[in-house]
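Student: Structure file target-v5.cif (mmCIF, C-alpha atoms) right here:
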data_query
#
loop_
_atom_site.group_PDB
_atom_site.id
_atom_site.type_symbol
_atom_site.label_atom_id
_atom_site.label_comp_id
_atom_site.auth_asym_id
_atom_site.auth_seq_id
_atom_site.Cartn_x
_atom_site.Cartn_y
_atom_site.Cartn_z
ATOM 1 C CA MET A 1 0.000 0.000 0.000
ATOM 2 C CA HIS A 2 1.307 3.454 -0.915
ATOM 3 C CA HIS A 3 1.486 5.993 1.905
ATOM 4 C CA PRO A 4 0.325 9.511 1.044
ATOM 5 C CA LEU A 5 2.891 11.015 3.434
ATOM 6 C CA THR A 6 6.692 10.711 3.614
ATOM 7 C CA ILE A 7 8.688 12.047 6.581
ATOM 8 C CA VAL A 8 12.106 13.580 5.873
ATOM 9 C CA ILE A 9 14.621 14.241 8.677
ATOM 10 C CA LEU A 10 17.982 16.027 8.502
ATOM 11 C CA THR A 11 20.753 14.921 10.877
ATOM 12 C CA PHE A 12 24.308 15.782 11.837
ATOM 13 C CA ASN A 13 25.735 14.381 15.083
ATOM 14 C CA GLU A 14 22.271 13.995 16.580
ATOM 15 C CA GLU A 15 22.754 11.037 18.937
ATOM 16 C CA ALA A 16 21.339 13.128 21.801
ATOM 17 C CA ASN A 17 18.118 13.963 19.933
ATOM 18 C CA ILE A 18 17.243 11.493 17.207
ATOM 19 C CA GLU A 19 15.738 8.777 19.428
ATOM 20 C CA ASN A 20 13.330 11.227 21.061
ATOM 21 C CA LEU A 21 12.139 12.315 17.631
ATOM 22 C CA LEU A 22 11.754 8.738 16.397
ATOM 23 C CA ASP A 23 9.851 7.810 19.562
ATOM 24 C CA SER A 24 7.441 10.689 18.931
ATOM 25 C CA LEU A 25 6.871 9.376 15.387
ATOM 26 C CA ALA A 26 6.015 5.856 16.540
ATOM 27 C CA GLY A 27 2.288 6.454 16.185
ATOM 28 C CA VAL A 28 2.487 7.833 12.638
ATOM 29 C CA ASN A 29 2.030 5.273 9.892
ATOM 30 C CA ALA A 30 4.348 6.769 7.273
ATOM 31 C CA PRO A 31 7.792 5.957 5.841
ATOM 32 C CA ILE A 32 10.755 7.852 7.303
ATOM 33 C CA PHE A 33 13.920 8.821 5.426
ATOM 34 C CA VAL A 34 16.978 10.553 6.868
ATOM 35 C CA VAL A 35 19.541 12.717 5.084
ATOM 36 C CA ASP A 36 22.699 12.746 7.193
ATOM 37 C CA SER A 37 25.575 15.225 6.807
ATOM 38 C CA TYR A 38 28.301 12.653 7.604
ATOM 39 C CA SER A 39 27.731 12.374 11.346
ATOM 40 C CA GLN A 40 30.716 11.318 13.423
ATOM 41 C CA ASP A 41 28.843 10.270 16.566
ATOM 42 C CA ARG A 42 26.357 7.396 17.111
ATOM 43 C CA THR A 43 23.609 8.850 14.895
ATOM 44 C CA LEU A 44 23.975 6.272 12.118
ATOM 45 C CA GLU A 45 24.306 3.432 14.612
ATOM 46 C CA ILE A 46 20.982 4.449 16.140
ATOM 47 C CA LEU A 47 19.330 4.668 12.718
ATOM 48 C CA ASP A 48 20.659 1.207 11.783
ATOM 49 C CA ARG A 49 19.444 -0.286 15.059
ATOM 50 C CA ARG A 50 15.973 1.128 14.552
ATOM 51 C CA GLY A 51 15.797 0.194 10.874
ATOM 52 C CA ILE A 52 15.526 3.766 9.574
ATOM 53 C CA PRO A 53 16.835 4.175 6.005
ATOM 54 C CA TYR A 54 19.273 7.012 5.416
ATOM 55 C CA THR A 55 21.564 8.494 2.825
ATOM 56 C CA GLN A 56 24.465 10.883 3.259
ATOM 57 C CA HIS A 57 24.925 14.173 1.475
ATOM 58 C CA ALA A 58 27.440 16.986 2.036
ATOM 59 C CA PHE A 59 25.904 19.943 3.860
ATOM 60 C CA LYS A 60 25.953 23.362 2.202
ATOM 61 C CA ASN A 61 23.128 25.074 4.073
ATOM 62 C CA TYR A 62 19.730 24.060 5.429
ATOM 63 C CA ALA A 63 17.775 25.220 2.409
ATOM 64 C CA ALA A 64 20.028 23.396 -0.055
ATOM 65 C CA GLN A 65 19.979 20.230 2.081
ATOM 66 C CA ARG A 66 16.210 20.226 2.450
ATOM 67 C CA ASN A 67 15.637 20.829 -1.243
ATOM 68 C CA TRP A 68 18.163 18.134 -2.172
ATOM 69 C CA ALA A 69 16.361 15.704 0.122
ATOM 70 C CA GLN A 70 13.035 16.563 -1.427
ATOM 71 C CA SER A 71 14.359 16.023 -4.936
ATOM 72 C CA ASN A 72 16.329 12.820 -4.374
ATOM 73 C CA LEU A 73 14.646 10.617 -1.774
ATOM 74 C CA PRO A 74 12.133 7.895 -2.728
ATOM 75 C CA TYR A 75 8.518 8.892 -2.117
ATOM 76 C CA GLU A 76 5.363 6.806 -2.075
ATOM 77 C CA GLY A 77 2.902 9.686 -2.010
ATOM 78 C CA GLU A 78 2.636 13.362 -2.869
ATOM 79 C CA TRP A 79 2.878 14.788 0.664
ATOM 80 C CA VAL A 80 6.120 15.448 2.549
ATOM 81 C CA LEU A 81 6.684 16.358 6.205
ATOM 82 C CA HIS A 82 10.062 18.011 6.909
ATOM 83 C CA LEU A 83 11.559 17.663 10.404
ATOM 84 C CA ASP A 84 14.806 18.449 12.211
ATOM 85 C CA ALA A 85 16.370 15.951 14.583
ATOM 86 C CA GLY A 86 15.962 18.290 17.559
ATOM 87 C CA GLU A 87 12.195 18.404 17.126
ATOM 88 C CA ARG A 88 9.421 16.140 18.363
ATOM 89 C CA LEU A 89 5.786 15.616 17.463
ATOM 90 C CA THR A 90 3.405 16.307 20.319
ATOM 91 C CA PRO A 91 0.653 13.710 20.905
ATOM 92 C CA GLY A 92 -1.778 16.285 19.534
ATOM 93 C CA MET A 93 0.132 16.495 16.262
ATOM 94 C CA VAL A 94 0.222 12.691 15.951
ATOM 95 C CA THR A 95 -3.531 12.560 16.526
ATOM 96 C CA TRP A 96 -4.121 15.296 13.955
ATOM 97 C CA ILE A 97 -2.054 13.482 11.300
ATOM 98 C CA ASN A 98 -3.831 10.187 11.964
ATOM 99 C CA GLU A 99 -7.379 11.477 12.324
ATOM 100 C CA SER A 100 -7.731 14.922 10.735
ATOM 101 C CA PHE A 101 -5.185 15.128 7.909
ATOM 102 C CA ASP A 102 -6.953 14.468 4.615
ATOM 103 C CA PRO A 103 -4.420 13.961 1.807
ATOM 104 C CA VAL A 104 -7.103 14.009 -0.890
ATOM 105 C CA ASP A 105 -8.516 17.370 0.177
ATOM 106 C CA LYS A 106 -7.867 19.516 -2.896
ATOM 107 C CA THR A 107 -8.609 22.800 -1.108
ATOM 108 C CA VAL A 108 -5.354 22.710 0.913
ATOM 109 C CA ASP A 109 -1.801 22.256 -0.401
ATOM 110 C CA GLY A 110 0.181 22.834 2.795
ATOM 111 C CA TYR A 111 -0.256 22.916 6.560
ATOM 112 C CA MET A 112 1.339 25.131 9.199
ATOM 113 C CA PHE A 113 2.042 23.898 12.723
ATOM 114 C CA ALA A 114 2.555 25.927 15.878
ATOM 115 C CA ARG A 115 5.984 25.335 17.408
ATOM 116 C CA ARG A 116 6.512 24.843 21.131
ATOM 117 C CA ALA A 117 9.917 26.093 22.229
ATOM 118 C CA ILE A 118 11.216 24.037 25.162
ATOM 119 C CA PHE A 119 14.027 25.858 26.982
ATOM 120 C CA LEU A 120 15.755 24.490 30.095
ATOM 121 C CA GLY A 121 12.902 22.011 30.328
ATOM 122 C CA ARG A 122 10.154 24.649 30.248
ATOM 123 C CA TRP A 123 7.637 25.369 27.517
ATOM 124 C CA ILE A 124 7.991 29.073 26.627
ATOM 125 C CA LYS A 125 4.352 30.081 26.225
ATOM 126 C CA HIS A 126 4.579 33.871 26.368
ATOM 127 C CA GLY A 127 6.571 36.709 24.851
ATOM 128 C CA GLY A 128 4.828 36.179 21.511
ATOM 129 C CA TYR A 129 6.647 32.871 21.181
ATOM 130 C CA HIS A 130 3.563 30.672 21.011
ATOM 131 C CA PRO A 131 1.986 30.158 18.662
ATOM 132 C CA ILE A 132 4.638 30.799 16.009
ATOM 133 C CA TYR A 133 3.688 28.866 12.894
ATOM 134 C CA HIS A 134 5.933 26.916 10.543
ATOM 135 C CA LEU A 135 4.938 25.351 7.238
ATOM 136 C CA ARG A 136 6.238 21.775 7.291
ATOM 137 C CA LEU A 137 3.681 19.540 5.569
ATOM 138 C CA TYR A 138 2.805 20.097 1.912
ATOM 139 C CA ARG A 139 2.389 18.574 -1.523
ATOM 140 C CA ARG A 140 6.017 18.139 -2.516
ATOM 141 C CA HIS A 141 5.539 19.087 -6.177
ATOM 142 C CA LEU A 142 4.175 22.476 -5.056
ATOM 143 C CA GLY A 143 6.645 23.423 -2.330
ATOM 144 C CA HIS A 144 10.287 23.915 -1.457
ATOM 145 C CA CYS A 145 12.534 25.673 1.058
ATOM 146 C CA GLU A 146 13.388 29.268 0.160
ATOM 147 C CA ASN A 147 17.040 29.847 -0.714
ATOM 148 C CA LYS A 148 18.202 31.578 2.452
ATOM 149 C CA VAL A 149 21.072 30.533 4.703
ATOM 150 C CA TYR A 150 19.307 31.734 7.860
ATOM 151 C CA ASP A 151 15.656 32.111 8.920
ATOM 152 C CA GLN A 152 14.472 30.190 5.898
ATOM 153 C CA HIS A 153 10.877 29.004 5.496
ATOM 154 C CA PHE A 154 9.137 26.506 3.278
ATOM 155 C CA VAL A 155 6.958 28.038 0.586
ATOM 156 C CA VAL A 156 4.072 26.472 -1.307
ATOM 157 C CA ASP A 157 2.541 27.478 -4.607
ATOM 158 C CA GLY A 158 -0.991 26.888 -3.393
ATOM 159 C CA ASN A 159 -3.379 27.219 -0.479
ATOM 160 C CA THR A 160 -2.176 26.776 3.097
ATOM 161 C CA ALA A 161 -4.006 26.262 6.377
ATOM 162 C CA LYS A 162 -3.194 25.994 10.058
ATOM 163 C CA ALA A 163 -3.375 22.521 11.591
ATOM 164 C CA GLY A 164 -5.879 22.018 14.385
ATOM 165 C CA ARG A 165 -5.438 23.364 17.895
ATOM 166 C CA GLY A 166 -2.884 21.343 19.871
ATOM 167 C CA ALA A 167 -1.270 19.841 16.757
ATOM 168 C CA ASP A 168 2.060 21.370 17.784
ATOM 169 C CA LEU A 169 5.640 20.657 16.824
ATOM 170 C CA GLU A 170 7.938 20.642 19.850
ATOM 171 C CA ASP A 171 11.452 22.071 19.574
ATOM 172 C CA GLY A 172 14.061 21.561 22.270
ATOM 173 C CA VAL A 173 16.004 24.841 22.058
ATOM 174 C CA MET A 174 19.532 23.432 22.497
ATOM 175 C CA SER A 175 20.629 20.923 25.103
ATOM 176 C CA SER A 176 22.655 23.433 27.150
ATOM 177 C CA LEU A 177 23.287 27.151 27.522
ATOM 178 C CA ARG A 178 26.737 26.634 26.065
ATOM 179 C CA ASP A 179 25.282 25.118 22.889
ATOM 180 C CA PHE A 180 22.679 27.889 22.777
ATOM 181 C CA THR A 181 25.169 30.756 22.964
ATOM 182 C CA VAL A 182 27.758 29.155 20.666
ATOM 183 C CA SER A 183 25.125 28.404 18.008
ATOM 184 C CA HIS A 184 23.553 31.841 18.225
ATOM 185 C CA ALA A 185 26.954 33.527 17.985
ATOM 186 C CA ARG A 186 27.462 31.678 14.691
ATOM 187 C CA TRP A 187 23.925 32.437 13.498
ATOM 188 C CA ALA A 188 24.430 36.123 14.272
ATOM 189 C CA VAL A 189 26.942 36.299 11.422
ATOM 190 C CA PHE A 190 24.502 34.560 9.061
ATOM 191 C CA GLU A 191 21.681 36.877 10.118
ATOM 192 C CA ALA A 192 23.879 39.966 9.724
ATOM 193 C CA VAL A 193 25.035 39.042 6.213
ATOM 194 C CA GLU A 194 21.535 38.084 5.122
ATOM 195 C CA SER A 195 20.177 41.319 6.572
ATOM 196 C CA ILE A 196 22.605 43.285 4.408
ATOM 197 C CA LEU A 197 21.829 41.179 1.348
ATOM 198 C CA SER A 198 18.065 41.366 1.972
ATOM 199 C CA GLU A 199 18.162 45.074 1.269
ATOM 200 C CA GLU A 200 18.162 43.908 -2.358
ATOM 201 C CA ASP A 201 16.621 40.415 -2.077
ATOM 202 C CA PRO A 202 14.122 39.904 0.790
ATOM 203 C CA GLY A 203 13.516 36.215 0.088
ATOM 204 C CA GLU A 204 10.625 34.218 -1.320
ATOM 205 C CA VAL A 205 8.156 34.451 1.564
ATOM 206 C CA LYS A 206 5.794 37.340 0.887
ATOM 207 C CA ALA A 207 5.989 40.102 3.503
ATOM 208 C CA ARG A 208 2.273 40.785 4.005
ATOM 209 C CA LEU A 209 0.570 42.177 7.098
ATOM 210 C CA THR A 210 -2.729 40.622 5.978
ATOM 211 C CA GLY A 211 -1.210 37.283 4.964
ATOM 212 C CA ASN A 212 -0.823 34.008 6.845
ATOM 213 C CA PRO A 213 1.106 33.887 10.152
ATOM 214 C CA ILE A 214 4.454 33.254 8.400
ATOM 215 C CA GLU A 215 3.917 36.142 5.972
ATOM 216 C CA ARG A 216 2.919 38.464 8.841
ATOM 217 C CA LYS A 217 6.060 37.518 10.752
ATOM 218 C CA ARG A 218 8.206 38.267 7.681
ATOM 219 C CA TRP A 219 6.392 41.632 7.280
ATOM 220 C CA LEU A 220 7.082 42.611 10.889
ATOM 221 C CA LYS A 221 10.720 41.613 10.550
ATOM 222 C CA SER A 222 11.440 43.216 7.167
ATOM 223 C CA LYS A 223 9.141 46.258 7.299
ATOM 224 C CA VAL A 224 9.328 47.155 10.987
ATOM 225 C CA PHE A 225 12.251 45.576 12.857
ATOM 226 C CA GLN A 226 14.891 45.796 10.122
ATOM 227 C CA ARG A 227 13.955 49.400 9.350
ATOM 228 C CA SER A 228 14.381 50.462 12.972
ATOM 229 C CA PRO A 229 17.693 51.965 14.185
ATOM 230 C CA LEU A 230 20.503 49.546 14.954
ATOM 231 C CA PHE A 231 20.910 48.719 18.657
ATOM 232 C CA LEU A 232 17.795 50.637 19.770
ATOM 233 C CA ARG A 233 15.608 47.976 18.169
ATOM 234 C CA SER A 234 17.140 45.287 20.379
ATOM 235 C CA PHE A 235 16.028 47.143 23.522
ATOM 236 C CA LEU A 236 12.577 47.788 22.077
ATOM 237 C CA TYR A 237 12.198 44.160 21.022
ATOM 238 C CA LEU A 238 13.065 42.899 24.508
ATOM 239 C CA PHE A 239 10.588 45.345 26.065
ATOM 240 C CA HIS A 240 7.905 44.207 23.608
ATOM 241 C CA ARG A 241 8.500 40.508 24.298
ATOM 242 C CA TYR A 242 9.131 40.583 28.023
ATOM 243 C CA ILE A 243 6.641 43.278 29.102
ATOM 244 C CA ILE A 244 4.031 43.853 26.397
ATOM 245 C CA LYS A 245 3.770 40.176 25.385
ATOM 246 C CA LEU A 246 4.043 38.975 29.022
ATOM 247 C CA GLY A 247 7.315 37.071 28.692
ATOM 248 C CA PHE A 248 7.874 37.558 32.436
ATOM 249 C CA LEU A 249 5.160 34.934 33.027
ATOM 250 C CA ASP A 250 7.589 32.256 31.768
ATOM 251 C CA GLY A 251 9.525 32.367 35.058
ATOM 252 C CA LYS A 252 13.285 32.192 35.445
ATOM 253 C CA GLU A 253 13.642 30.067 32.328
ATOM 254 C CA GLY A 254 11.705 32.692 30.405
ATOM 255 C CA LEU A 255 13.880 35.490 31.767
ATOM 256 C CA ILE A 256 16.994 33.698 30.506
ATOM 257 C CA PHE A 257 15.427 32.777 27.167
ATOM 258 C CA HIS A 258 13.835 36.125 26.328
ATOM 259 C CA PHE A 259 16.964 38.039 27.344
ATOM 260 C CA LEU A 260 19.381 35.816 25.420
ATOM 261 C CA GLN A 261 17.234 35.154 22.351
ATOM 262 C CA GLY A 262 15.278 38.408 22.293
ATOM 263 C CA PHE A 263 18.001 40.879 23.272
ATOM 264 C CA TRP A 264 21.550 39.473 23.396
ATOM 265 C CA PHE A 265 21.222 37.688 20.048
ATOM 266 C CA ARG A 266 19.559 40.642 18.325
ATOM 267 C CA PHE A 267 22.159 43.047 19.771
ATOM 268 C CA LEU A 268 24.950 40.757 18.558
ATOM 269 C CA VAL A 269 23.398 40.720 15.081
ATOM 270 C CA ASP A 270 23.261 44.516 15.045
ATOM 271 C CA SER A 271 26.868 44.730 16.263
ATOM 272 C CA THR A 272 27.939 42.391 13.470
ATOM 273 C CA ILE A 273 26.033 44.438 10.884
ATOM 274 C CA TYR A 274 27.777 47.555 12.175
ATOM 275 C CA GLU A 275 31.190 45.873 12.038
ATOM 276 C CA ILE A 276 30.656 44.647 8.486
ATOM 277 C CA LYS A 277 29.342 47.950 7.177
ATOM 278 C CA GLN A 278 32.251 49.834 8.727
ATOM 279 C CA GLU A 279 34.632 47.528 6.862
ATOM 280 C CA MET A 280 32.580 47.881 3.667
ATOM 281 C CA LYS A 281 33.580 51.539 3.478
ATOM 282 C CA HIS A 282 36.973 50.319 2.298
ATOM 283 C CA ARG A 283 36.299 46.992 0.554
ATOM 284 C CA PRO A 284 33.384 44.944 -0.797
ATOM 285 C CA LEU A 285 31.116 42.711 1.270
ATOM 286 C CA GLU A 286 32.605 39.530 -0.179
ATOM 287 C CA ALA A 287 36.106 40.403 1.037
ATOM 288 C CA VAL A 288 34.915 41.465 4.504
ATOM 289 C CA VAL A 289 32.897 38.319 5.114
ATOM 290 C CA TRP A 290 35.685 36.054 3.912
ATOM 291 C CA ASP A 291 38.491 37.766 5.835
ATOM 292 C CA LYS A 292 36.614 38.190 9.115
ATOM 293 C CA TYR A 293 34.463 35.070 9.244
ATOM 294 C CA GLY A 294 35.871 32.679 6.662
ATOM 295 C CA LEU A 295 32.537 32.610 4.845
ATOM 296 C CA ASP A 296 31.866 32.797 1.123
ATOM 297 C CA VAL A 297 29.024 35.181 0.263
ATOM 298 C CA ASN A 298 28.138 32.872 -2.639
ATOM 299 C CA VAL A 299 26.828 30.415 -0.052
ATOM 300 C CA PHE A 300 24.272 33.010 1.018
ATOM 301 C CA LEU A 301 23.316 33.523 -2.600
ATOM 302 C CA ASN A 302 23.024 29.734 -3.095
ATOM 303 C CA LYS A 303 25.747 29.808 -5.746
ATOM 304 C CA GLU A 304 28.803 27.685 -6.131
ATOM 305 C CA PRO A 305 31.682 28.748 -3.842
ATOM 306 C CA ALA A 306 34.208 31.045 -5.370
ATOM 307 C CA VAL A 307 37.742 29.818 -5.966
ATOM 308 C CA VAL A 308 39.941 31.242 -3.194
#
Please, can you express the file's structure as structure tokens?

Tutor:
Amino acid sequence: MHHPLTIVILTFNEEANIENLLDSLAGVNAPIFVVDSYSQDRTLEILDRRGIPYTQHAFKNYAAQRNWAQSNLPYEGEWVLHLDAGERLTPGMVTWINESFDPVDKTVDGYMFARRAIFLGRWIKHGGYHPIYHLRLYRRHLGHCENKVYDQHFVVDGNTAKAGRGADLEDGVMSSLRDFTVSHARWAVFEAVESILSEEDPGEVKARLTGNPIERKRWLKSKVFQRSPLFLRSFLYLFHRYIIKLGFLDGKEGLIFHFLQGFWFRFLVDSTIYEIKQEMKHRPLEAVVWDKYGLDVNVFLNKEPAVV
């Protein structure tokens, strides 16, 4: 029997996460395929033990890896569900897939799921952080991941809808504060470069105030946040999240999360933008990014790396 849904998972050194994700998928009757970026820990051993098929492909960026997976893996049906190894399906999402998802419904081509951010063991419910919707399930011939190195979203050439209440995707936001800060320090460079490049190319997701939740989020980011003064916007964003959107109700874990993710990270991005633009007074962006961060701007443009 052909399954209408195929689950695709990306991995790289995910021995600490992959079993939790696979356990959460136990109640979903659909084939699972993994694209691994040459893990060096026990990830492949775990996949072998649990009988999960996988292939390996060199990692360029998330968008390129996801689109490669979508184009090259075997599929039994027309629907694809994209997941990361650090995520888990809530019981409500499993129930929705099994009981409410109708693959033959021609009025919907993609579904958005609310994401639950779990930080230091606590679900961050306030600060505007829930619900934040992500498009993950769609007809694969109509959708793909937009070509952005950071803050990329899936886009669908068709109608989208929100999954039912409680059909949430759970995301464990890093296993430790060290991992959180190290990862965000790296992402700050990606965000800074993409912010500079987005002045000419904003990405494929439409920035629309009256659009779906993902389009509204892109509108707020590109039309409001990114047009606000550097540095000041980090303070305003923290005030908005922690006071206006009641982030203080998330307790001590929320204080740490909203400060680090909502202020420290955004301030670091702005500082990196400032650093790059100061250097760009004397040389082009490509040279600055390569010399300071060892990154090729062509990666951000989804082009082949330049010869150095």

Student: Which one is closest to A:Arg165: A:Phe33, A:Trp68, A:Phe59, A:Tyr133? Count only C-alpha atoms.

Tutor: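 Checking each of A:Phe33, A:Trp68, A:Phe59, A:Tyr133 against A:Arg165, counting only C-alpha atoms, the winner is A:Tyr133.
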
Student: So, counting all atoms listed in the file, which residue among A:Glu99, A:Leu83, A:Tyr54, A:Pro229 is closest to A:Val28?

Tutor: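 That would be A:Glu99, the residue with the smallest distance to A:Val28.
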
Student: Would you kindly translate the PyMOL selection byres ((chain A and resi 38) around 10) into the concrete residues it picks from this file, as a PDB file with C-alpha atoms, keeping the file's coordinate frame?

Tutor:
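Ended up saving to expr.pdb:
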ATOM      1  CA  THR A  11      20.753  14.921  10.877  1.00  0.00           C
ATOM      2  CA  PHE A  12      24.308  15.782  11.837  1.00  0.00           C
ATOM      3  CA  ASN A  13      25.735  14.381  15.083  1.00  0.00           C
ATOM      4  CA  VAL A  35      19.541  12.717   5.084  1.00  0.00           C
ATOM      5  CA  ASP A  36      22.699  12.746   7.193  1.00  0.00           C
ATOM      6  CA  SER A  37      25.575  15.225   6.807  1.00  0.00           C
ATOM      7  CA  SER A  39      27.731  12.374  11.346  1.00  0.00           C
ATOM      8  CA  GLN A  40      30.716  11.318  13.423  1.00  0.00           C
ATOM      9  CA  ASP A  41      28.843  10.270  16.566  1.00  0.00           C
ATOM     10  CA  THR A  43      23.609   8.850  14.895  1.00  0.00           C
ATOM     11  CA  LEU A  44      23.975   6.272  12.118  1.00  0.00           C
ATOM     12  CA  THR A  55      21.564   8.494   2.825  1.00  0.00           C
ATOM     13  CA  GLN A  56      24.465  10.883   3.259  1.00  0.00           C
ATOM     14  CA  HIS A  57      24.925  14.173   1.475  1.00  0.00           C
ATOM     15  CA  ALA A  58      27.440  16.986   2.036  1.00  0.00           C
ATOM     16  CA  PHE A  59      25.904  19.943   3.860  1.00  0.00           C
TER      17      PHE A  59
END

Student: Which residues match the PyMOL selection byres ((chain A and resi 213) around 10) in the file above, as a list of chain:residue names?

Tutor: A:Met112, A:Ala114, A:Pro131, A:Ile132, A:Tyr133, A:His134, A:Leu135, A:Ala161, A:Lys162, A:Arg208, A:Leu209, A:Thr210, A:Gly211, A:Asn212, A:Ile214, A:Glu215, A:Arg216, A:Lys217, A:Arg218, A:Trp219

Student: Within 9 Å of (-2.4, 27.6, 0.2) (coordinates as in the file), grab all the protein and nucleic acid residues, counting all atoms listed in the file, and write them out as a PyMOL selection string.

Tutor: chain A and resi 107-111+156-161
